[in-house]
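Undergrad: Right, I'll just put the structure down here and ask away after.
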Protein chains: 2
Amino acid sequence: MAPDGELRGHAELARTGSFSRAAESCHVSQPSLSQQIQKLERGLGQRLFDRVARRAVLTDAGRLLLERAEAILETVEDAKRCLRDAHQGGHLSIGAIPTIAPYLLPSLSAAGGS
Amino acid sequence: MAPDGELRGHAELARTGSFSRAAESCHVSQPSLSQQIQKLERGLGQRLFDRVARRAVLTDAGRLLLERAEAILETVEDAKRCLRDAHQGGHLSIGAIPTIAPYLLPSLSAAGGS
DNA sequence: AATTCTTACGAACGCCGTAATCATC
DNA sequence: GATGATTACGGCGTTCGTAAGAATT
């Protein structure tokens, strides 16, 4: 059960109710998303969506999973954001092309962190 | 970032402090777990563990991730458990070999759910 | 007939495990 | 020299996308 992939697909399909829309929202082909959902359903041993009249509607099991899936996706995003912020906040990365670096960097260092 | 895999590896490595121990705990080879951690670190663009004196100790970033990872793993387990319970609780599955099914099932149906 | 989902299929990518290399105690 | 981690490498499984098929409106 991978947040990047199946769970994302599940959430998008639940939100849009359409394989096509969900697929493009996840930047994968429609058949791919179809496989992802089938894989989930197979892995869990039960249907997550009822395919009815060109629309996909959550089953009870699907709804149950959706709550957890959203929590997981949220936490994953939080982790990435959190780590990224900590990375940039922890130390300052200064970049400059070699040609001007020798002239620029010493004065910046001398000025110290503002 | 997959709960089944990398995040599990991260948590186990954090817990044991040893690639070997964590690997067998995850039922994968040691090199595999090494790759998983490297993949995570590469993907996040920063180290998660300091390799020091044959021990792996969490960096600040690693500690930050660990909190989220544990939450994610917990939620994934909860989802599986929850879905499994709902599956068995929602409707009753009765199995019987064809030979005796015709004799057994009708009487059970007649008795109704207890 | 047109749109949407599923099935089929071939290719590419990723992950695992074994083996070899490196480092540390 | 022995233990533990990383690198190298080959094989297998998974996932993707394109193409074809089935179904519904």
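For the structure tokens, the naming scheme is as follows: chains receive sequential letters (A, B, ...) according to their order of presentation, residues are indexed from 1 within each chain, and ligands are indexed from 1 in presentation order.
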For chain B, list the residues within 9 Å of chain D, counting only C-alpha atoms (C1' of nucleotides), and write the list as an NGL selection string.
TA: :B and (18-20 or 30-31 or 34 or 54)
Undergrad: Quick one: write out the picked residues with C-alpha atoms as an mmCIF file, in the first residue's frame?
TA:
```cif
data_model
loop_
_atom_site.group_PDB
_atom_site.id
_atom_site.type_symbol
_atom_site.label_atom_id
_atom_site.label_comp_id
_atom_site.auth_asym_id
_atom_site.auth_seq_id
_atom_site.Cartn_x
_atom_site.Cartn_y
_atom_site.Cartn_z
ATOM 1 C CA SER B 18 22.020 -1.598 13.191
ATOM 2 C CA PHE B 19 21.559 -2.300 9.488
ATOM 3 C CA SER B 20 21.945 -6.029 10.068
ATOM 4 C CA GLN B 30 21.268 -6.195 4.573
ATOM 5 C CA PRO B 31 22.280 -4.638 1.243
ATOM 6 C CA SER B 34 21.064 -0.189 2.840
ATOM 7 C CA ARG B 54 29.290 0.540 13.328
#
```
Undergrad: Leaving out stretch 72-82 of chain B and any residue of its chain fewer than 4 positions from it, which residues lie within 12 Å of it when counting only C-alpha atoms (C1' of nucleotides), given as a compact mmCIF listing (two decimals) with all heavy atoms, in the first residue's frame?
TA:
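Below you can see around20.txt, which holds the result:
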```txt
# COMPACT_ATOMS: atom_id res chain seq x y z
N MET A 1 0.85 -1.20 0.00
CA MET A 1 0.00 0.00 0.00
C MET A 1 0.88 1.25 0.00
O MET A 1 1.38 1.66 1.02
CB MET A 1 -0.90 -0.04 1.22
CG MET A 1 -2.03 0.90 1.14
SD MET A 1 -3.48 0.49 2.07
CE MET A 1 -2.91 -0.48 3.42
N ALA A 2 1.07 1.81 -1.14
CA ALA A 2 2.02 2.93 -1.28
C ALA A 2 1.31 4.28 -1.43
O ALA A 2 0.48 4.44 -2.31
CB ALA A 2 2.92 2.70 -2.49
N PRO A 3 1.61 5.22 -0.54
CA PRO A 3 1.01 6.55 -0.59
C PRO A 3 1.22 7.18 -1.96
O PRO A 3 0.29 7.75 -2.52
CB PRO A 3 1.78 7.34 0.47
CG PRO A 3 2.34 6.31 1.37
CD PRO A 3 2.60 5.12 0.53
N LEU A 7 -2.78 4.78 -3.11
CA LEU A 7 -3.62 5.54 -2.19
C LEU A 7 -4.01 6.88 -2.78
O LEU A 7 -5.14 7.35 -2.62
CB LEU A 7 -2.91 5.74 -0.84
CG LEU A 7 -2.75 4.47 -0.01
CD1 LEU A 7 -2.19 4.79 1.35
CD2 LEU A 7 -4.07 3.73 0.11
N LEU A 40 -5.24 -2.68 -5.40
CA LEU A 40 -5.69 -2.39 -4.04
C LEU A 40 -6.81 -3.34 -3.64
O LEU A 40 -6.77 -3.96 -2.57
CB LEU A 40 -6.19 -0.94 -3.94
CG LEU A 40 -5.24 0.09 -3.34
CD1 LEU A 40 -5.90 1.45 -3.31
CD2 LEU A 40 -4.82 -0.32 -1.95
N GLU A 41 -7.81 -3.42 -4.50
CA GLU A 41 -8.97 -4.26 -4.21
C GLU A 41 -8.56 -5.72 -4.05
O GLU A 41 -9.07 -6.43 -3.17
CB GLU A 41 -10.01 -4.12 -5.32
CG GLU A 41 -10.63 -2.73 -5.37
CD GLU A 41 -11.67 -2.60 -6.46
OE1 GLU A 41 -11.49 -3.22 -7.54
OE2 GLU A 41 -12.64 -1.87 -6.27
N GLY A 43 -5.56 -6.79 -3.20
CA GLY A 43 -4.75 -6.90 -1.99
C GLY A 43 -5.58 -6.90 -0.72
O GLY A 43 -5.22 -7.57 0.26
N LEU A 44 -6.68 -6.17 -0.74
CA LEU A 44 -7.52 -6.09 0.44
C LEU A 44 -8.64 -7.12 0.42
O LEU A 44 -9.31 -7.35 1.43
CB LEU A 44 -8.12 -4.68 0.56
CG LEU A 44 -7.10 -3.58 0.83
CD1 LEU A 44 -7.72 -2.21 0.66
CD2 LEU A 44 -6.50 -3.72 2.22
N GLY A 45 -8.82 -7.73 -0.75
CA GLY A 45 -9.81 -8.79 -0.84
C GLY A 45 -11.24 -8.30 -0.87
O GLY A 45 -12.16 -9.05 -0.53
N GLN A 46 -11.44 -7.05 -1.27
CA GLN A 46 -12.82 -6.55 -1.36
C GLN A 46 -12.89 -5.31 -2.25
O GLN A 46 -11.90 -4.62 -2.44
CB GLN A 46 -13.36 -6.22 0.03
CG GLN A 46 -12.46 -5.33 0.85
CD GLN A 46 -12.79 -5.39 2.32
OE1 GLN A 46 -13.95 -5.29 2.68
NE2 GLN A 46 -11.79 -5.55 3.17
N ASP A 60 -18.70 0.83 1.16
CA ASP A 60 -18.45 1.10 2.58
C ASP A 60 -16.97 0.90 2.89
O ASP A 60 -16.36 1.71 3.60
CB ASP A 60 -19.31 0.16 3.45
CG ASP A 60 -20.79 0.50 3.35
OD1 ASP A 60 -21.09 1.62 2.87
OD2 ASP A 60 -21.62 -0.33 3.73
N ALA A 61 -16.43 -0.17 2.36
CA ALA A 61 -15.01 -0.45 2.58
C ALA A 61 -14.15 0.67 2.00
O ALA A 61 -13.19 1.12 2.62
CB ALA A 61 -14.63 -1.78 1.93
N GLY A 62 -14.52 1.14 0.82
CA GLY A 62 -13.79 2.21 0.18
C GLY A 62 -13.80 3.48 1.02
O GLY A 62 -12.80 4.17 1.14
N ARG A 63 -14.95 3.76 1.60
CA ARG A 63 -15.08 4.94 2.44
C ARG A 63 -14.20 4.80 3.69
O ARG A 63 -13.55 5.74 4.13
CB ARG A 63 -16.55 5.14 2.84
CG ARG A 63 -16.92 6.59 3.12
CD ARG A 63 -18.43 6.80 3.18
NE ARG A 63 -19.21 5.61 2.93
CZ ARG A 63 -19.85 5.36 1.80
NH1 ARG A 63 -19.79 6.24 0.82
NH2 ARG A 63 -20.56 4.26 1.66
N LEU A 64 -14.20 3.60 4.21
CA LEU A 64 -13.37 3.31 5.38
C LEU A 64 -11.90 3.57 5.08
O LEU A 64 -11.16 4.16 5.89
CB LEU A 64 -13.56 1.84 5.78
CG LEU A 64 -13.99 1.54 7.21
CD1 LEU A 64 -15.13 2.45 7.63
CD2 LEU A 64 -14.41 0.09 7.33
N LEU A 65 -11.49 3.11 3.89
CA LEU A 65 -10.09 3.29 3.51
C LEU A 65 -9.78 4.74 3.24
O LEU A 65 -8.69 5.23 3.57
CB LEU A 65 -9.78 2.46 2.26
CG LEU A 65 -8.36 2.60 1.71
CD1 LEU A 65 -7.33 2.21 2.77
CD2 LEU A 65 -8.17 1.79 0.45
N LEU A 66 -10.73 5.44 2.64
CA LEU A 66 -10.48 6.82 2.25
C LEU A 66 -10.05 7.68 3.42
O LEU A 66 -9.11 8.48 3.32
CB LEU A 66 -11.74 7.42 1.62
CG LEU A 66 -11.60 8.88 1.15
CD1 LEU A 66 -10.49 8.99 0.13
CD2 LEU A 66 -12.91 9.40 0.61
N GLU A 67 -10.71 7.51 4.56
CA GLU A 67 -10.36 8.30 5.74
C GLU A 67 -8.89 8.10 6.08
O GLU A 67 -8.14 9.06 6.29
CB GLU A 67 -11.21 7.87 6.93
CG GLU A 67 -12.71 8.02 6.69
CD GLU A 67 -13.52 7.40 7.83
OE1 GLU A 67 -12.94 7.21 8.92
OE2 GLU A 67 -14.71 7.10 7.64
N ARG A 68 -8.47 6.82 6.13
CA ARG A 68 -7.07 6.53 6.46
C ARG A 68 -6.14 7.03 5.37
O ARG A 68 -5.07 7.56 5.65
CB ARG A 68 -6.87 5.03 6.64
CG ARG A 68 -7.17 4.52 8.01
CD ARG A 68 -8.64 4.42 8.22
NE ARG A 68 -9.02 3.88 9.52
CZ ARG A 68 -10.28 3.72 9.90
NH1 ARG A 68 -11.26 4.08 9.10
NH2 ARG A 68 -10.56 3.24 11.10
N ALA A 69 -6.54 6.84 4.13
CA ALA A 69 -5.69 7.23 3.01
C ALA A 69 -5.39 8.73 3.07
O ALA A 69 -4.26 9.16 2.88
CB ALA A 69 -6.36 6.87 1.69
N GLU A 70 -6.43 9.50 3.37
CA GLU A 70 -6.24 10.95 3.42
C GLU A 70 -5.29 11.32 4.56
O GLU A 70 -4.44 12.20 4.40
CB GLU A 70 -7.59 11.65 3.59
CG GLU A 70 -8.38 11.70 2.29
CD GLU A 70 -9.77 12.28 2.48
OE1 GLU A 70 -10.25 12.28 3.62
OE2 GLU A 70 -10.36 12.73 1.49
N ALA A 71 -5.44 10.65 5.67
CA ALA A 71 -4.55 10.91 6.80
C ALA A 71 -3.12 10.57 6.43
O ALA A 71 -2.19 11.33 6.71
CB ALA A 71 -4.99 10.08 8.01
N ILE A 72 -2.94 9.45 5.75
CA ILE A 72 -1.60 9.02 5.34
C ILE A 72 -0.99 10.01 4.37
O ILE A 72 0.15 10.46 4.54
CB ILE A 72 -1.66 7.62 4.71
CG1 ILE A 72 -2.01 6.58 5.78
CG2 ILE A 72 -0.33 7.28 4.06
CD1 ILE A 72 -2.29 5.20 5.23
N LEU A 73 -1.76 10.36 3.34
CA LEU A 73 -1.26 11.30 2.34
C LEU A 73 -0.88 12.62 2.99
O LEU A 73 0.14 13.23 2.65
CB LEU A 73 -2.32 11.52 1.26
CG LEU A 73 -2.59 10.31 0.38
CD1 LEU A 73 -3.82 10.52 -0.48
CD2 LEU A 73 -1.39 10.00 -0.47
N GLU A 74 -1.72 13.06 3.91
CA GLU A 74 -1.45 14.31 4.60
C GLU A 74 -0.14 14.24 5.39
O GLU A 74 0.69 15.14 5.34
CB GLU A 74 -2.62 14.64 5.53
CG GLU A 74 -2.36 15.77 6.51
CD GLU A 74 -2.07 17.08 5.80
OE1 GLU A 74 -2.59 17.29 4.67
OE2 GLU A 74 -1.33 17.90 6.36
N THR A 75 0.03 13.13 6.09
CA THR A 75 1.23 12.96 6.90
C THR A 75 2.47 12.88 6.03
O THR A 75 3.52 13.43 6.38
CB THR A 75 1.13 11.68 7.75
OG1 THR A 75 -0.08 11.70 8.51
CG2 THR A 75 2.31 11.58 8.71
N VAL A 76 2.35 12.22 4.89
CA VAL A 76 3.48 12.14 3.96
C VAL A 76 3.87 13.53 3.49
O VAL A 76 5.05 13.90 3.49
CB VAL A 76 3.15 11.26 2.74
CG1 VAL A 76 4.20 11.41 1.67
CG2 VAL A 76 3.03 9.80 3.17
N GLU A 77 2.87 14.30 3.11
CA GLU A 77 3.13 15.67 2.65
C GLU A 77 3.77 16.49 3.77
O GLU A 77 4.71 17.24 3.55
CB GLU A 77 1.84 16.34 2.19
CG GLU A 77 1.40 15.91 0.81
CD GLU A 77 2.54 15.95 -0.19
OE1 GLU A 77 3.17 17.03 -0.33
OE2 GLU A 77 2.82 14.92 -0.82
N ASP A 78 3.23 16.32 4.96
CA ASP A 78 3.76 17.04 6.12
C ASP A 78 5.22 16.69 6.34
O ASP A 78 6.05 17.56 6.61
CB ASP A 78 2.95 16.70 7.36
CG ASP A 78 3.49 17.37 8.60
OD1 ASP A 78 3.61 18.62 8.58
OD2 ASP A 78 3.81 16.67 9.58
N ALA A 79 5.53 15.40 6.19
CA ALA A 79 6.91 14.95 6.39
C ALA A 79 7.84 15.62 5.39
O ALA A 79 8.88 16.16 5.76
CB ALA A 79 6.99 13.43 6.26
N MET B 1 7.89 7.36 -1.32
CA MET B 1 7.97 7.03 0.11
C MET B 1 6.91 5.99 0.44
O MET B 1 5.74 6.30 0.62
CB MET B 1 7.74 8.31 0.91
CG MET B 1 8.15 8.14 2.33
SD MET B 1 8.63 9.64 3.17
CE MET B 1 7.79 10.96 2.34
N ALA B 2 7.30 4.76 0.50
CA ALA B 2 6.35 3.66 0.67
C ALA B 2 6.38 3.06 2.08
O ALA B 2 7.43 2.64 2.55
CB ALA B 2 6.64 2.56 -0.35
N PRO B 3 5.25 3.05 2.77
CA PRO B 3 5.15 2.49 4.11
C PRO B 3 5.66 1.06 4.15
O PRO B 3 6.37 0.67 5.05
CB PRO B 3 3.65 2.52 4.41
CG PRO B 3 3.11 3.55 3.51
CD PRO B 3 3.95 3.51 2.30
N ASP B 4 5.20 0.28 3.19
CA ASP B 4 5.67 -1.07 3.07
C ASP B 4 7.02 -1.00 2.39
O ASP B 4 7.11 -0.96 1.20
CB ASP B 4 4.71 -1.88 2.22
CG ASP B 4 4.45 -1.20 0.87
OD1 ASP B 4 4.48 0.04 0.82
OD2 ASP B 4 4.28 -1.91 -0.11
N GLY B 5 8.08 -0.92 3.18
CA GLY B 5 9.40 -0.84 2.59
C GLY B 5 10.26 0.18 3.29
O GLY B 5 10.64 -0.01 4.44
N GLU B 6 10.50 1.26 2.61
CA GLU B 6 11.45 2.25 3.09
C GLU B 6 11.14 2.76 4.49
O GLU B 6 12.01 2.75 5.37
CB GLU B 6 11.49 3.44 2.14
CG GLU B 6 11.68 3.05 0.70
CD GLU B 6 11.19 4.12 -0.25
OE1 GLU B 6 10.67 5.13 0.25
OE2 GLU B 6 11.35 3.96 -1.46
N LEU B 7 9.89 3.18 4.70
CA LEU B 7 9.55 3.77 6.00
C LEU B 7 9.68 2.75 7.11
O LEU B 7 10.15 3.05 8.21
CB LEU B 7 8.14 4.35 5.97
CG LEU B 7 7.98 5.60 5.11
CD1 LEU B 7 6.60 6.19 5.30
CD2 LEU B 7 9.04 6.63 5.44
N ARG B 8 9.28 1.53 6.79
CA ARG B 8 9.44 0.45 7.75
C ARG B 8 10.92 0.27 8.07
O ARG B 8 11.31 0.13 9.23
CB ARG B 8 8.86 -0.84 7.17
CG ARG B 8 9.01 -2.05 8.04
CD ARG B 8 7.98 -2.05 9.16
NE ARG B 8 8.32 -3.02 10.19
CZ ARG B 8 8.18 -4.33 10.07
NH1 ARG B 8 7.67 -4.82 8.96
NH2 ARG B 8 8.52 -5.14 11.05
N GLY B 9 11.73 0.28 7.02
CA GLY B 9 13.17 0.15 7.20
C GLY B 9 13.72 1.28 8.05
O GLY B 9 14.55 1.04 8.94
N HIS B 10 13.27 2.48 7.79
CA HIS B 10 13.73 3.63 8.55
C HIS B 10 13.42 3.45 10.03
O HIS B 10 14.28 3.65 10.89
CB HIS B 10 13.06 4.90 8.03
CG HIS B 10 13.46 6.14 8.75
ND1 HIS B 10 14.70 6.71 8.60
CD2 HIS B 10 12.80 6.90 9.65
CE1 HIS B 10 14.78 7.79 9.37
NE2 HIS B 10 13.65 7.92 10.03
N ALA B 11 12.21 3.06 10.32
CA ALA B 11 11.79 2.90 11.71
C ALA B 11 12.59 1.81 12.41
O ALA B 11 13.05 1.99 13.55
CB ALA B 11 10.29 2.58 11.77
N GLU B 12 12.79 0.72 11.71
CA GLU B 12 13.52 -0.40 12.31
C GLU B 12 14.99 -0.05 12.53
O GLU B 12 15.58 -0.40 13.55
CB GLU B 12 13.41 -1.65 11.43
CG GLU B 12 12.09 -2.37 11.56
CD GLU B 12 11.78 -2.80 12.99
OE1 GLU B 12 12.68 -3.35 13.65
OE2 GLU B 12 10.66 -2.55 13.46
N LEU B 65 11.63 12.70 10.61
CA LEU B 65 10.91 11.76 9.75
C LEU B 65 10.32 10.62 10.55
O LEU B 65 9.21 10.17 10.28
CB LEU B 65 11.84 11.21 8.67
CG LEU B 65 11.21 10.16 7.76
CD1 LEU B 65 10.01 10.71 7.02
CD2 LEU B 65 12.24 9.62 6.78
N LEU B 66 11.04 10.17 11.54
CA LEU B 66 10.62 9.01 12.32
C LEU B 66 9.23 9.20 12.92
O LEU B 66 8.39 8.30 12.87
CB LEU B 66 11.63 8.72 13.43
CG LEU B 66 11.30 7.52 14.31
CD1 LEU B 66 11.21 6.25 13.49
CD2 LEU B 66 12.31 7.36 15.43
N GLU B 67 9.01 10.38 13.48
CA GLU B 67 7.71 10.66 14.07
C GLU B 67 6.60 10.43 13.04
O GLU B 67 5.61 9.74 13.32
CB GLU B 67 7.64 12.10 14.56
CG GLU B 67 8.71 12.44 15.59
CD GLU B 67 8.71 13.94 15.90
OE1 GLU B 67 7.68 14.59 15.66
OE2 GLU B 67 9.74 14.45 16.38
N ARG B 68 6.77 11.01 11.85
CA ARG B 68 5.75 10.86 10.80
C ARG B 68 5.67 9.43 10.33
O ARG B 68 4.58 8.91 10.08
CB ARG B 68 6.09 11.77 9.62
CG ARG B 68 5.59 13.18 9.74
CD ARG B 68 6.45 13.97 10.68
NE ARG B 68 6.04 15.37 10.78
CZ ARG B 68 6.66 16.24 11.56
NH1 ARG B 68 7.70 15.86 12.30
NH2 ARG B 68 6.24 17.48 11.63
N ALA B 86 -14.22 -5.13 8.95
CA ALA B 86 -15.45 -4.74 8.29
C ALA B 86 -15.89 -5.82 7.31
O ALA B 86 -17.08 -6.10 7.15
CB ALA B 86 -15.27 -3.42 7.56
N HIS B 87 -14.91 -6.41 6.66
CA HIS B 87 -15.19 -7.44 5.67
C HIS B 87 -15.88 -8.63 6.33
O HIS B 87 -16.89 -9.13 5.86
CB HIS B 87 -13.89 -7.89 5.02
CG HIS B 87 -14.10 -8.78 3.85
ND1 HIS B 87 -15.23 -8.72 3.06
CD2 HIS B 87 -13.34 -9.77 3.31
CE1 HIS B 87 -15.14 -9.62 2.10
NE2 HIS B 87 -14.00 -10.27 2.23
N GLN B 88 -15.32 -9.08 7.44
CA GLN B 88 -15.87 -10.26 8.11
C GLN B 88 -17.15 -9.92 8.87
O GLN B 88 -18.03 -10.76 9.00
CB GLN B 88 -14.83 -10.83 9.08
CG GLN B 88 -13.58 -11.31 8.36
CD GLN B 88 -12.56 -11.89 9.33
OE1 GLN B 88 -12.67 -11.68 10.53
NE2 GLN B 88 -11.58 -12.60 8.79
N GLY B 89 -17.21 -8.70 9.37
CA GLY B 89 -18.38 -8.31 10.14
C GLY B 89 -19.58 -7.96 9.28
O GLY B 89 -20.71 -8.22 9.66
N GLY B 90 -19.28 -7.39 8.10
CA GLY B 90 -20.35 -6.91 7.25
C GLY B 90 -21.27 -8.00 6.76
O GLY B 90 -22.48 -7.88 6.83
```
Undergrad: Would you please extract all helix (DSSP H, G or I) residues from stretch 1-88 of chain B, as assigned by DSSP on the backbone, and give them as a PyMOL selection string?
TA: chain B and resi 3-16+19-25+30-44+60-88
Undergrad: Please report the interatomic distance between atom CA of B:Arg55 and atom CA of B:Lys39 in Å with one decimal.
TA: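 Atom CA of B:Arg55 sits 19.0 Å away from atom CA of B:Lys39.
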Undergrad: Within 10 Å of chain C, which residues of chain B show up? Give each one with its shortest atom-to-atom distance in Å (one decimal) and the two atoms involved, counting only C-alpha atoms (C1' of nucleotides), rows by chain then rising residue number, as a tab-separated table.
TA:
```
residue	atom	partner	partner_atom	distance
B:Val28	CA	C:DC16	C1'	7.9
B:Ser29	CA	C:DG17	C1'	6.8
B:Gln30	CA	C:DG17	C1'	9.5
B:Pro31	CA	C:DG17	C1'	8.4
B:Ser32	CA	C:DC16	C1'	6.5
B:Leu33	CA	C:DC16	C1'	9.8
B:Gln35	CA	C:DC15	C1'	9.1
B:Gln36	CA	C:DC15	C1'	9.1
B:Val52	CA	C:DT24	C1'	9.8
B:Ala53	CA	C:DT24	C1'	7.2
B:Arg54	CA	C:DT24	C1'	7.4
```
Undergrad: Can I get the selected residues back with N, CA, C and O atoms, as a CSV table (one decimal), in the first residue's frame?
TA:
```
chain,number,residue,atom,x,y,z
B,28,VAL,N,14.5,-8.7,4.9
B,28,VAL,CA,15.2,-8.4,3.7
B,28,VAL,C,16.7,-8.5,3.9
B,28,VAL,O,17.1,-8.6,5.1
B,29,SER,N,17.5,-8.6,2.9
B,29,SER,CA,18.9,-8.7,3.0
B,29,SER,C,19.5,-7.4,3.5
B,29,SER,O,18.8,-6.3,3.3
B,30,GLN,N,20.7,-7.4,4.1
B,30,GLN,CA,21.3,-6.2,4.6
B,30,GLN,C,21.5,-5.2,3.5
B,30,GLN,O,21.2,-4.0,3.6
B,31,PRO,N,22.1,-5.6,2.3
B,31,PRO,CA,22.3,-4.6,1.2
B,31,PRO,C,21.0,-4.0,0.8
B,31,PRO,O,21.0,-2.8,0.4
B,32,SER,N,19.9,-4.8,0.8
B,32,SER,CA,18.6,-4.2,0.4
B,32,SER,C,18.2,-3.1,1.3
B,32,SER,O,17.8,-2.0,0.8
B,33,LEU,N,18.3,-3.3,2.6
B,33,LEU,CA,18.0,-2.2,3.5
B,33,LEU,C,18.9,-1.0,3.3
B,33,LEU,O,18.4,0.1,3.4
B,35,GLN,N,20.1,0.0,0.6
B,35,GLN,CA,19.6,0.7,-0.5
B,35,GLN,C,18.4,1.5,-0.2
B,35,GLN,O,18.2,2.6,-0.7
B,36,GLN,N,17.5,0.9,0.6
B,36,GLN,CA,16.2,1.6,0.9
B,36,GLN,C,16.5,2.9,1.6
B,36,GLN,O,15.9,3.9,1.3
B,52,VAL,N,28.3,6.0,12.4
B,52,VAL,CA,29.4,6.2,13.3
B,52,VAL,C,29.7,5.0,14.1
B,52,VAL,O,28.8,4.4,14.8
B,53,ALA,N,30.9,4.5,14.0
B,53,ALA,CA,31.4,3.4,14.8
B,53,ALA,C,30.4,2.2,14.7
B,53,ALA,O,30.0,1.7,15.7
B,54,ARG,N,30.1,1.7,13.5
B,54,ARG,CA,29.3,0.5,13.3
B,54,ARG,C,27.9,0.7,13.9
B,54,ARG,O,27.2,-0.3,14.1
```
Undergrad: Between atom CA of B:Arg15 and atom CA of A:Asp85, what is the spacing in Å?
TA: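 Result for atom CA of A:Asp85 versus atom CA of B:Arg15: 24.7 Å, one decimal.
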Undergrad: Hey, can you check how far atom CA of A:Glu24 sits from atom CA of A:Arg84?
TA: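 Separating atom CA of A:Glu24 from atom CA of A:Arg84 is a distance of 26.8 Å.
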